[in-house]
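Colleague: This is the structure I want to talk about, given as structure tokens.
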Amino acid sequence: MSDAVPLTTDRPGKVASVTPPARGRSRRLSDRKLAVAFITPALLLLLAMSVFPLVWALFLSFTDYSATRGGTGTFVWFENYTAVLTSAQVHLRAVTTLIYVVGAVVLQTVLGFTIAYLISRRTHGRGLLTTLFLIPMMLSPVVVGLFWRFMLDAQFGVVNSMLGSLGLDQVEWLTRQRTALFSLIVVDTWQWTPFIMLIALAGLTAVPKYLYEAASIDRASEWFRFRTITLPLVWPLLLIAVLFRAIEAFRLFDLVYILTSGGPGVSTETLSFHVYKVAFLGFNTGTASAYGILMVVIVIVLTQLYLRYLNKLKED
Amino acid sequence: MLLMGTTLTACSGSEDDAAQVSAPKAPATIPELTGDPLTLSFVWFEWPPAQALEKFANEEYKKVRPNATIKVNTVPNANWHDAMFTQFAARKTDFDIAILDSQHIGEAVTNGNILDLTDFVKNNIDVNAYDPYLLAAYGQFPQAETGKRDENASLYGLPLLGDTWTMIYRKDLIGDQAPQTWDEMISVAEKCQTDNPGVSGLAFHQANGSDAAAVTYNTVNGVYGGNLWDAKAKKIEGVLNDAAGQEAMDVLVNKMKPLTAKGSGNWFIDEVNAAVAQGKACIAFNWIAASGGLLDPKQSTLGKTREEILGKLGFATLPKQKTDLVPLGGMGMHVSAYSSAANQAEALNFMKWFEQADIQKKWAAAGGVPSRTDAIQSPEFLDAGPFNKVYADSVPRMRDMWNVPQYARLVDIENTNVNAALNGAKKPGDALNDIAREQQAVLDSSGKKGGGGL
Amino acid sequence: MAVSVNEAVPASPVRDRTPPARRIGGGRGRSVLEIALLTVLAVVMLFPVLWMIETSIKENRDVYAVPAKFFDFEVTLAHYRDVFVAPGGGLSDLSVAFLNSLLVAGVSTVLATLLGVPAAWAYSRFTLKAKKDQLFFILSTRFMPPVVVVIPIFLMYRVVGLIDTPLGLILIYTAFNLPFTIWMVKGFVDEVPAEYEDAAMLDGYTRLQAFRKFTLPLLVPGIAATAVFALIFSWNEFVFAIFLTSSDSVRTAPPAIAGLIGGTTVDWGLVAASSVVFALPVLIFAYLVRRHLVAGVTLGAVRR
């Protein structure tokens with residue numbers, strides 16, 4: 001990740017001014033020591049709790065080690081990787097995950113931006129509105145999952161009850177292949193639309209007023225102003241929000257665990273959920289590690305590509 | 001610095017656990033017990049019998065061991081296997097007695113997680129007091145043949161709670177007489193559903209978690225003369241999906257499923273109970289140990305008193321068809337290999353105490369389901385609940401699933417595929433063939449350890 | 001080269017900007033339409049929350065009523081009592097879980113703050129080798145799927161005996177919150193002019209004293225906001241909690257609430273009541289730090 005692109009720039013001027021002018025050698029040294037002393041504990045913890053486990057998982061992914069069956073693993077090299085990459089079961093979960101990620105992220109981006117746009121055009125009650133809209137995002141996925149499961153119950157759930165009073169048929173929200181995945185997308189959208197909204201709102205309120213004023217003198221159409229002023233300024237921010245959501249959605253586990261436990265059949269099993277099954281039902285630790293490493297690699301590669309695209313956009 | 005130390009030890013850790021390949025032996029006689037205060041911990045999943053056990057044990061066991069306190073830790077049902085086996089994998093358990101499902105024994109024994117109780121049982125337990133299959137099902141490994149016990153095989157557990165399915169039927173809707181055959185049951189349910197709008201004919205477990213949908217299919221499979229596997233030849237492919245197996249899948253998906261409520265495809269114990277209590281099902285199937293709440297007027301719309309509810313609900317043994325097999329449920333007690341010597345001694349003492357005739361009767365009266373024949377036949381048990389006679393009559397008819405180390409994966413394959421068939425995500429025939437093929441692959445790869453398996 | 005979010009979004013309060021579109025074109029009809037649309041969206045988004053609150057004060061037979069009862073039900077607080085009090089009296093398992101959550105989330109937040117703030121300050125003030133790479137690396141540790149991390153963490157913990165201990169959860173949550181704390185606090189430090197410290201050092205203070213006496217006091221509100229977000233993250237966390245703990249005495253609230261279903265009966269009233277109780281502190285805290293929400297939910301990568 002050496003060519004990583006940070007999301008925020010440091011302000012160069014500021015960094016330069018930090019190094020005090022005309023200072024003795026001893027002072028600089030103590031600065032360095034101070035920096036090392038301040039940063040090392042944090043980095044050590046991250047090394048121990050994030051990097052070391054990952055390296056260990058990488059090591060295990062080349063073995064047939066099992067966490068319960070005892071004994072050391074023997075090296076099987078890329079056997080686990082080929083097993084995962086060629087498995088039809090994995091391909092199925094990859095497609096499910098892809099549909100879910102794309103569906104959820106698109107839906108919440110459109111909705112989130114719409115809400116943000118509507119809010120940004122209000123003069124009164126913006127603070128209150130924003131706060132109210134944000135509630136779903138603050139809830140634990142456990143609470144969200146459980147409660148939607150209750151509301152989407154085909155027999156006594158409130159959603160079907162309301163459909164019933166409109167004269168519509170009961171819908172099996174969680175037990176049909178299509179509807180179950182759709183429900184998962186809807187619930188995720190419900191919870192995370194506020195996230196996109198929040199960031200879009202930050203972008204929208206930051207559009208300098210004079211740009212609009214200039215445009216209104218030119219009698220530019222509303223749509224023209226939106227397309228040429230608002231969108232280009234909000235777009236980069238929105239793309240970062242999308243990145244965050246896509247990464248989160250890609251690793252989704254808890255909502256599936258509670259809402260559908262992967263059903264009907266395995267039609268809402270995401271990659272994360274499948275890794276869990278391989279790791280904790282079969283205790284095929286080696287295979288599960290390879291599976292997990294592949295997921296991490298995918299996240300890193302896609303994020304890098306996306307960030308590069310983002311930078312290019314910025315340059316143009 | 002502490003963390004660096006952590007990581008270094010961690011590196012060498014994976015070599016250590018090579019040693020154990022088989023279960024360590026429990027002493028033949030109970031070692032001297034401590035006089036100090038001691039907490040004996042169990043692990044079970046969250047359901048009423050867990051609370052009943054804790055209450056019962058603290059009241060009764062304290063009379064003989066005043067210094068002992070019983071704690072029954074509970075985890076969500078969906079997390080039960082994982083919670084126990086991750087602790088086993090950690091070689092450190094917060095429980096002394098694991099309450100394993102009968103099919104978990106193989107995995108625990110093979111990994112050396114629980115004590116071998118063979119000698120202990122010989123010296124301390126009157127094995128003739130039990131139906132041999134019950135003793136075998138909750139303790140023996142390798143697995144016994146259905147209905148039998150191999151007296152030369154090792155025992156790793158003792159029965160805690162017996163269980164099987166009961167048929168729950170609405171006497172006020174289909175009459176006092178319970179259907180006798182599976183076909184009759186289906187046609188009665190169909191008629192009841194037609195006659196009573198808003199009430200569905202059947203309610204049973206269909207969820208893809210735990211062992212829900214798998215037990216349902218296995219039950220129908222047994223009743224229609226199918227076999228889950230050929231245990232000796234370790235063969236599933238061609239056995240499970242033979243003609244009888246296919247017929248059972250067809251009955252389940254094409255005859256029984258259409259009689260269930262819309263959206264019931266993720267139902268398990270609690271949803272079936274709710275459907276019965278809300279008066280929404282003519283005939284339902286559930287575990288006996290989970291049926292107690294049905295008689296609670298506070299949770300039911302069927303009556304204001306227990307008697308009123310019993311006027312409407314009947315409990316019967318499962319209908320027969322080609323065979324009279326019923327699913328074996330319930331769990332045994334197994335001593336963790338990783339708890340302290342003092343706690344293991346206390347655990348053995350508890351088990352010896354628990355398996356006495358009078359204690360088993362008291363357990364029955366407290367709401368438990370005993371396993372000793374004398375306790376099962378005792379008035380204390382038979383009078384404690386309307387479904388207890390169902391259990392007593394079902395004991396000779398029980399059949400278990402596979403008790404092998406790969407159980408968790410086998411049951412997951414079956415659960416997800418049966419659930420898919422029930423919810424139209426797969427054709428019934430395809431689902432059954434997929435189960436057979438995938439389960440066979442898991443059995444065949446049992447030589448492999450943690451690699452190459454998905 | 002880098003995507004500069006800061007440039008796109010200059011820090012400025014919302015109130016300054018009157019929405020321009022209303023004055024020009026569109027007119028009243030459009031405004032009404034927009035308000036209507038916004039209202040509909042707000043109702044849809046908030047309905048589940050209202051329904052949850054309503055369910056928590058319904059008697060169980062009304063909970064299952066079809067068609068659903070929106071207004072005509074008897075109010076009961078029994079579910080809230082059940083959240084805290086066990087059936088036989090004494091503390092319920094849920095209240096123990098709430099206390100565990102408090103302990104784990106609280107301590108891990110304090111630790112993440114203690115480790116993160118100095119690191120953030122150092123990253124902001126000093127020129128360091130490969131600083132950008134280090135910072136990006138720190139952020140990227142937050143993006144690993146928890147289910148993947150939990151496998152090696154589990155193996156690691158079992159060697160050192162941290163499975164099913166509060167300390168085990170505290171450590172992983174600290175590591176989980178650290179990247180975010182560093183990124184967010186660094187943003188706040190960037191906003192405090194380094195000249196303050198330089199001036200103090202000319203007066204004879206050491207660098208450390210200058211940090212403690214002059215910069216730190218200015219950072220307090222920002223640090224508080226950061227800590228609240230860390231608290232919310234660890235309060236809501238479920239995946240590590242369910243795989244690394246198993247006993248009632250260690251379990252935190254999210255797995256405990258999840259455990260309310262899957263027995264022999266489901267008490268949705270209790271589920272709703274415990275959800276409300278569990279969510280309340282988070283909502284209050286979120287309200288307290290509403291100014292920093294954008295930075296908070298994006299791990300400090302996007303600031304307003």
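As shown in the structure tokens, the chain order sets the letters A, B, ...; within each chain, residues go from 1, and ligands are also counted from 1 in the order they appear.
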Pull out every residue of chain A sitting within 7 Å of chain B, counting only C-alpha atoms, and send them as an NGL selection string.

Modeller: :A and (48 or 63-72 or 79-80 or 83 or 154-155 or 172 or 175-177 or 261 or 263-266 or 278 or 280-287)

Colleague: Please write the residues from the selection above to a file, keeping C-alpha atoms, as an mmCIF file, in the first residue's frame.

Modeller:
```
data_model
loop_
_atom_site.group_PDB
_atom_site.id
_atom_site.type_symbol
_atom_site.label_atom_id
_atom_site.label_comp_id
_atom_site.auth_asym_id
_atom_site.auth_seq_id
_atom_site.Cartn_x
_atom_site.Cartn_y
_atom_site.Cartn_z
ATOM 1 C CA ALA A 48 -0.480 -6.595 17.473
ATOM 2 C CA THR A 63 -1.875 -24.766 5.543
ATOM 3 C CA ASP A 64 -4.627 -27.244 6.326
ATOM 4 C CA TYR A 65 -4.700 -26.131 9.959
ATOM 5 C CA SER A 66 -7.917 -26.591 11.925
ATOM 6 C CA ALA A 67 -8.591 -24.714 15.149
ATOM 7 C CA THR A 68 -10.377 -27.612 16.795
ATOM 8 C CA ARG A 69 -8.869 -30.746 15.371
ATOM 9 C CA GLY A 70 -5.490 -30.069 16.930
ATOM 10 C CA GLY A 71 -2.015 -30.578 15.552
ATOM 11 C CA THR A 72 -0.057 -28.196 13.410
ATOM 12 C CA GLU A 79 -4.710 -25.558 -2.375
ATOM 13 C CA ASN A 80 -6.987 -23.477 -0.186
ATOM 14 C CA ALA A 83 -10.506 -24.467 -3.562
ATOM 15 C CA ALA A 154 -45.472 -12.234 6.913
ATOM 16 C CA GLN A 155 -48.216 -13.092 9.404
ATOM 17 C CA GLU A 172 -43.276 -13.148 2.086
ATOM 18 C CA THR A 175 -38.651 -16.305 2.853
ATOM 19 C CA ARG A 176 -38.610 -15.901 -0.910
ATOM 20 C CA GLN A 177 -35.393 -15.732 -2.856
ATOM 21 C CA SER A 261 -29.513 -16.136 8.592
ATOM 22 C CA GLY A 263 -32.095 -17.915 3.904
ATOM 23 C CA PRO A 264 -34.127 -19.011 2.096
ATOM 24 C CA GLY A 265 -31.616 -21.724 1.385
ATOM 25 C CA VAL A 266 -28.375 -19.824 0.974
ATOM 26 C CA VAL A 278 -16.427 -22.296 6.907
ATOM 27 C CA PHE A 280 -16.961 -21.943 12.751
ATOM 28 C CA LEU A 281 -19.149 -24.799 11.499
ATOM 29 C CA GLY A 282 -16.534 -26.792 9.658
ATOM 30 C CA PHE A 283 -13.603 -25.304 11.603
ATOM 31 C CA ASN A 284 -11.662 -25.439 8.348
ATOM 32 C CA THR A 285 -9.435 -22.689 9.611
ATOM 33 C CA GLY A 286 -6.941 -22.914 6.747
ATOM 34 C CA THR A 287 -9.582 -22.600 4.073
#
```

Colleague: Going by DSSP on the backbone, which residues of segment 86-294 of chain A come out as alpha helix (DSSP H)? List them as a PyMOL selection string.

Modeller: chain A and resi 86+88-120+126-138+141-151+158-165+177-205+209-217+222-225+231-250+254-259+271-280+285-294

Colleague: Show me, as JSON lines, the residues of chain A having an atom within 7 Å of chain C, each with the closest atom pair and its distance in Å, using only C-alpha atoms.

Modeller:
```
{"residue": "A:Ser2", "atom": "CA", "partner": "C:Asp133", "partner_atom": "CA", "distance": 6.0}
{"residue": "A:Ala4", "atom": "CA", "partner": "C:Asp133", "partner_atom": "CA", "distance": 6.2}
{"residue": "A:Val5", "atom": "CA", "partner": "C:Ala2", "partner_atom": "CA", "distance": 6.0}
{"residue": "A:Pro6", "atom": "CA", "partner": "C:Phe136", "partner_atom": "CA", "distance": 5.8}
{"residue": "A:Leu7", "atom": "CA", "partner": "C:Val3", "partner_atom": "CA", "distance": 5.7}
{"residue": "A:Thr8", "atom": "CA", "partner": "C:Ser4", "partner_atom": "CA", "distance": 5.2}
{"residue": "A:Thr9", "atom": "CA", "partner": "C:Ser4", "partner_atom": "CA", "distance": 5.5}
{"residue": "A:Val15", "atom": "CA", "partner": "C:Arg125", "partner_atom": "CA", "distance": 6.5}
{"residue": "A:Val18", "atom": "CA", "partner": "C:Ala194", "partner_atom": "CA", "distance": 5.8}
{"residue": "A:Pro20", "atom": "CA", "partner": "C:Asp198", "partner_atom": "CA", "distance": 6.6}
{"residue": "A:Ala35", "atom": "CA", "partner": "C:Ala122", "partner_atom": "CA", "distance": 5.2}
{"residue": "A:Phe38", "atom": "CA", "partner": "C:Ala119", "partner_atom": "CA", "distance": 5.0}
{"residue": "A:Ile39", "atom": "CA", "partner": "C:Ala119", "partner_atom": "CA", "distance": 4.4}
{"residue": "A:Pro41", "atom": "CA", "partner": "C:Leu115", "partner_atom": "CA", "distance": 6.6}
{"residue": "A:Ala42", "atom": "CA", "partner": "C:Leu115", "partner_atom": "CA", "distance": 5.4}
{"residue": "A:Leu45", "atom": "CA", "partner": "C:Ala175", "partner_atom": "CA", "distance": 6.4}
{"residue": "A:Leu46", "atom": "CA", "partner": "C:Ala175", "partner_atom": "CA", "distance": 5.8}
{"residue": "A:Met49", "atom": "CA", "partner": "C:Ala175", "partner_atom": "CA", "distance": 6.2}
{"residue": "A:Ser50", "atom": "CA", "partner": "C:Thr141", "partner_atom": "CA", "distance": 6.3}
{"residue": "A:Pro53", "atom": "CA", "partner": "C:Pro152", "partner_atom": "CA", "distance": 5.0}
{"residue": "A:Leu54", "atom": "CA", "partner": "C:Val149", "partner_atom": "CA", "distance": 6.9}
{"residue": "A:Trp56", "atom": "CA", "partner": "C:Pro152", "partner_atom": "CA", "distance": 6.4}
{"residue": "A:Ala57", "atom": "CA", "partner": "C:Pro152", "partner_atom": "CA", "distance": 5.8}
{"residue": "A:Ile115", "atom": "CA", "partner": "C:Leu38", "partner_atom": "CA", "distance": 6.8}
{"residue": "A:Leu118", "atom": "CA", "partner": "C:Glu34", "partner_atom": "CA", "distance": 6.5}
{"residue": "A:Ser120", "atom": "CA", "partner": "C:Pro19", "partner_atom": "CA", "distance": 6.6}
{"residue": "A:Arg121", "atom": "CA", "partner": "C:Pro19", "partner_atom": "CA", "distance": 5.1}
{"residue": "A:Arg122", "atom": "CA", "partner": "C:Pro19", "partner_atom": "CA", "distance": 6.8}
{"residue": "A:Thr123", "atom": "CA", "partner": "C:Thr18", "partner_atom": "CA", "distance": 6.4}
{"residue": "A:Phe133", "atom": "CA", "partner": "C:Ala42", "partner_atom": "CA", "distance": 6.7}
{"residue": "A:Ile135", "atom": "CA", "partner": "C:Leu283", "partner_atom": "CA", "distance": 7.0}
{"residue": "A:Met138", "atom": "CA", "partner": "C:Val282", "partner_atom": "CA", "distance": 6.7}
{"residue": "A:Leu139", "atom": "CA", "partner": "C:Ala279", "partner_atom": "CA", "distance": 6.0}
{"residue": "A:Ser140", "atom": "CA", "partner": "C:Asn236", "partner_atom": "CA", "distance": 4.6}
{"residue": "A:Val142", "atom": "CA", "partner": "C:Pro254", "partner_atom": "CA", "distance": 6.1}
{"residue": "A:Val143", "atom": "CA", "partner": "C:Ser275", "partner_atom": "CA", "distance": 5.8}
{"residue": "A:Phe156", "atom": "CA", "partner": "C:Tyr64", "partner_atom": "CA", "distance": 5.8}
{"residue": "A:Val158", "atom": "CA", "partner": "C:Ala68", "partner_atom": "CA", "distance": 5.9}
{"residue": "A:Ser161", "atom": "CA", "partner": "C:Pro67", "partner_atom": "CA", "distance": 5.3}
{"residue": "A:Trp190", "atom": "CA", "partner": "C:Met45", "partner_atom": "CA", "distance": 6.7}
{"residue": "A:Leu198", "atom": "CA", "partner": "C:Val294", "partner_atom": "CA", "distance": 6.5}
{"residue": "A:Ile199", "atom": "CA", "partner": "C:Val294", "partner_atom": "CA", "distance": 6.2}
{"residue": "A:Ala202", "atom": "CA", "partner": "C:Arg304", "partner_atom": "CA", "distance": 6.2}
{"residue": "A:Gly203", "atom": "CA", "partner": "C:Val9", "partner_atom": "CA", "distance": 6.2}
{"residue": "A:Thr205", "atom": "CA", "partner": "C:Val14", "partner_atom": "CA", "distance": 6.2}
{"residue": "A:Ala206", "atom": "CA", "partner": "C:Val9", "partner_atom": "CA", "distance": 5.7}
{"residue": "A:Lys209", "atom": "CA", "partner": "C:Arg17", "partner_atom": "CA", "distance": 7.0}
{"residue": "A:Tyr212", "atom": "CA", "partner": "C:Pro20", "partner_atom": "CA", "distance": 6.9}
{"residue": "A:Leu233", "atom": "CA", "partner": "C:Ala8", "partner_atom": "CA", "distance": 6.8}
{"residue": "A:Leu237", "atom": "CA", "partner": "C:Val5", "partner_atom": "CA", "distance": 6.9}
{"residue": "A:Ile247", "atom": "CA", "partner": "C:Phe143", "partner_atom": "CA", "distance": 6.9}
{"residue": "A:Arg251", "atom": "CA", "partner": "C:Pro145", "partner_atom": "CA", "distance": 5.1}
{"residue": "A:Asp254", "atom": "CA", "partner": "C:Val239", "partner_atom": "CA", "distance": 6.6}
{"residue": "A:Ser272", "atom": "CA", "partner": "C:Val147", "partner_atom": "CA", "distance": 6.2}
{"residue": "A:Tyr276", "atom": "CA", "partner": "C:Val147", "partner_atom": "CA", "distance": 6.4}
{"residue": "A:Gly292", "atom": "CA", "partner": "C:Val148", "partner_atom": "CA", "distance": 5.0}
{"residue": "A:Val296", "atom": "CA", "partner": "C:Met144", "partner_atom": "CA", "distance": 6.1}
{"residue": "A:Asn311", "atom": "CA", "partner": "C:Val3", "partner_atom": "CA", "distance": 5.7}
{"residue": "A:Lys314", "atom": "CA", "partner": "C:Val3", "partner_atom": "CA", "distance": 6.8}
```

Colleague: DSSP on the backbone, strand (DSSP E or B) only: what residues of segment 135-368 of chain B does that give? Format it as a PyMOL selection string.

Modeller: chain B and resi 140-141+154-155+158-170+181+200-203+230+235+260+281-287+313-316+320+326-336

Colleague: Store the residues of this selection in a file with C-alpha atoms, as a PDB file, in the first residue's frame.

Modeller:
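Result went into part-v2.pdb, see below:
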```pdb
ATOM      1  CA  GLN B 140     -21.932 -43.387  23.142  1.00  0.00           C
ATOM      2  CA  PHE B 141     -19.359 -42.862  20.417  1.00  0.00           C
ATOM      3  CA  SER B 154     -17.135 -45.996  25.187  1.00  0.00           C
ATOM      4  CA  LEU B 155     -19.532 -43.620  26.909  1.00  0.00           C
ATOM      5  CA  LEU B 158     -25.187 -39.210  30.520  1.00  0.00           C
ATOM      6  CA  PRO B 159     -28.738 -38.195  29.690  1.00  0.00           C
ATOM      7  CA  LEU B 160     -29.933 -34.837  30.990  1.00  0.00           C
ATOM      8  CA  LEU B 161     -33.137 -34.145  29.138  1.00  0.00           C
ATOM      9  CA  GLY B 162     -34.981 -36.536  26.864  1.00  0.00           C
ATOM     10  CA  ASP B 163     -37.044 -35.147  24.041  1.00  0.00           C
ATOM     11  CA  THR B 164     -38.931 -35.896  20.870  1.00  0.00           C
ATOM     12  CA  TRP B 165     -41.538 -34.262  18.694  1.00  0.00           C
ATOM     13  CA  THR B 166     -45.143 -34.198  19.745  1.00  0.00           C
ATOM     14  CA  MET B 167     -48.069 -33.639  17.440  1.00  0.00           C
ATOM     15  CA  ILE B 168     -50.199 -30.791  18.777  1.00  0.00           C
ATOM     16  CA  TYR B 169     -53.735 -30.753  17.414  1.00  0.00           C
ATOM     17  CA  ARG B 170     -56.828 -28.663  17.892  1.00  0.00           C
ATOM     18  CA  THR B 181     -51.128 -42.164   9.758  1.00  0.00           C
ATOM     19  CA  SER B 200     -53.612 -23.001   8.509  1.00  0.00           C
ATOM     20  CA  GLY B 201     -53.549 -26.764   8.366  1.00  0.00           C
ATOM     21  CA  LEU B 202     -50.000 -27.329   9.567  1.00  0.00           C
ATOM     22  CA  ALA B 203     -47.186 -25.638  11.438  1.00  0.00           C
ATOM     23  CA  ASP B 230     -25.445 -46.169   5.628  1.00  0.00           C
ATOM     24  CA  LYS B 235     -22.455 -43.623   2.409  1.00  0.00           C
ATOM     25  CA  THR B 260     -48.633 -24.002   6.215  1.00  0.00           C
ATOM     26  CA  ALA B 281     -52.764 -23.819  13.257  1.00  0.00           C
ATOM     27  CA  CYS B 282     -54.837 -27.027  13.185  1.00  0.00           C
ATOM     28  CA  ILE B 283     -51.941 -29.416  13.624  1.00  0.00           C
ATOM     29  CA  ALA B 284     -48.429 -28.494  14.702  1.00  0.00           C
ATOM     30  CA  PHE B 285     -45.201 -30.325  15.455  1.00  0.00           C
ATOM     31  CA  ASN B 286     -42.771 -29.216  18.115  1.00  0.00           C
ATOM     32  CA  TRP B 287     -40.239 -30.488  20.616  1.00  0.00           C
ATOM     33  CA  LEU B 313     -55.266 -28.670  22.485  1.00  0.00           C
ATOM     34  CA  GLY B 314     -54.447 -32.353  22.193  1.00  0.00           C
ATOM     35  CA  PHE B 315     -50.966 -33.875  22.282  1.00  0.00           C
ATOM     36  CA  ALA B 316     -50.221 -37.145  20.513  1.00  0.00           C
ATOM     37  CA  LYS B 320     -47.027 -43.616  11.484  1.00  0.00           C
ATOM     38  CA  VAL B 326     -39.785 -40.322  15.547  1.00  0.00           C
ATOM     39  CA  PRO B 327     -36.864 -37.888  15.902  1.00  0.00           C
ATOM     40  CA  LEU B 328     -34.657 -38.193  18.949  1.00  0.00           C
ATOM     41  CA  GLY B 329     -34.122 -34.860  20.628  1.00  0.00           C
ATOM     42  CA  GLY B 330     -32.762 -33.864  23.975  1.00  0.00           C
ATOM     43  CA  MET B 331     -29.254 -33.630  25.287  1.00  0.00           C
ATOM     44  CA  GLY B 332     -26.763 -35.211  27.598  1.00  0.00           C
ATOM     45  CA  MET B 333     -24.277 -33.925  30.146  1.00  0.00           C
ATOM     46  CA  HIS B 334     -20.607 -34.049  29.205  1.00  0.00           C
ATOM     47  CA  VAL B 335     -17.650 -33.082  31.358  1.00  0.00           C
ATOM     48  CA  SER B 336     -15.302 -30.500  29.890  1.00  0.00           C
TER      49      SER B 336
END
```

Colleague: Pick out the chain B residues within 9 Å of chain C. Count only C-alpha atoms. Give them as a PyMOL selection string.

Modeller: chain B and resi 6-7+9-14+43+45-48+73-79+82-84+86-87+89-95+268-274+278+290-293+298-301

Colleague: Report the distance between atom CA of Phe120 of chain B and atom CA of Trp353 of chain B in Å, rounded to one decimal place.

Modeller: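 Between atom CA of Phe120 of chain B and atom CA of Trp353 of chain B the gap is 13.0 Å.
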
Colleague: As an exercise, work out the distance from atom CA of Asn100 of chain C to atom CA of Phe84 of chain C in Å and give it to one decimal place.

Modeller: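 Computed distance, atom CA of Asn100 of chain C to atom CA of Phe84 of chain C, equals 13.7 Å.
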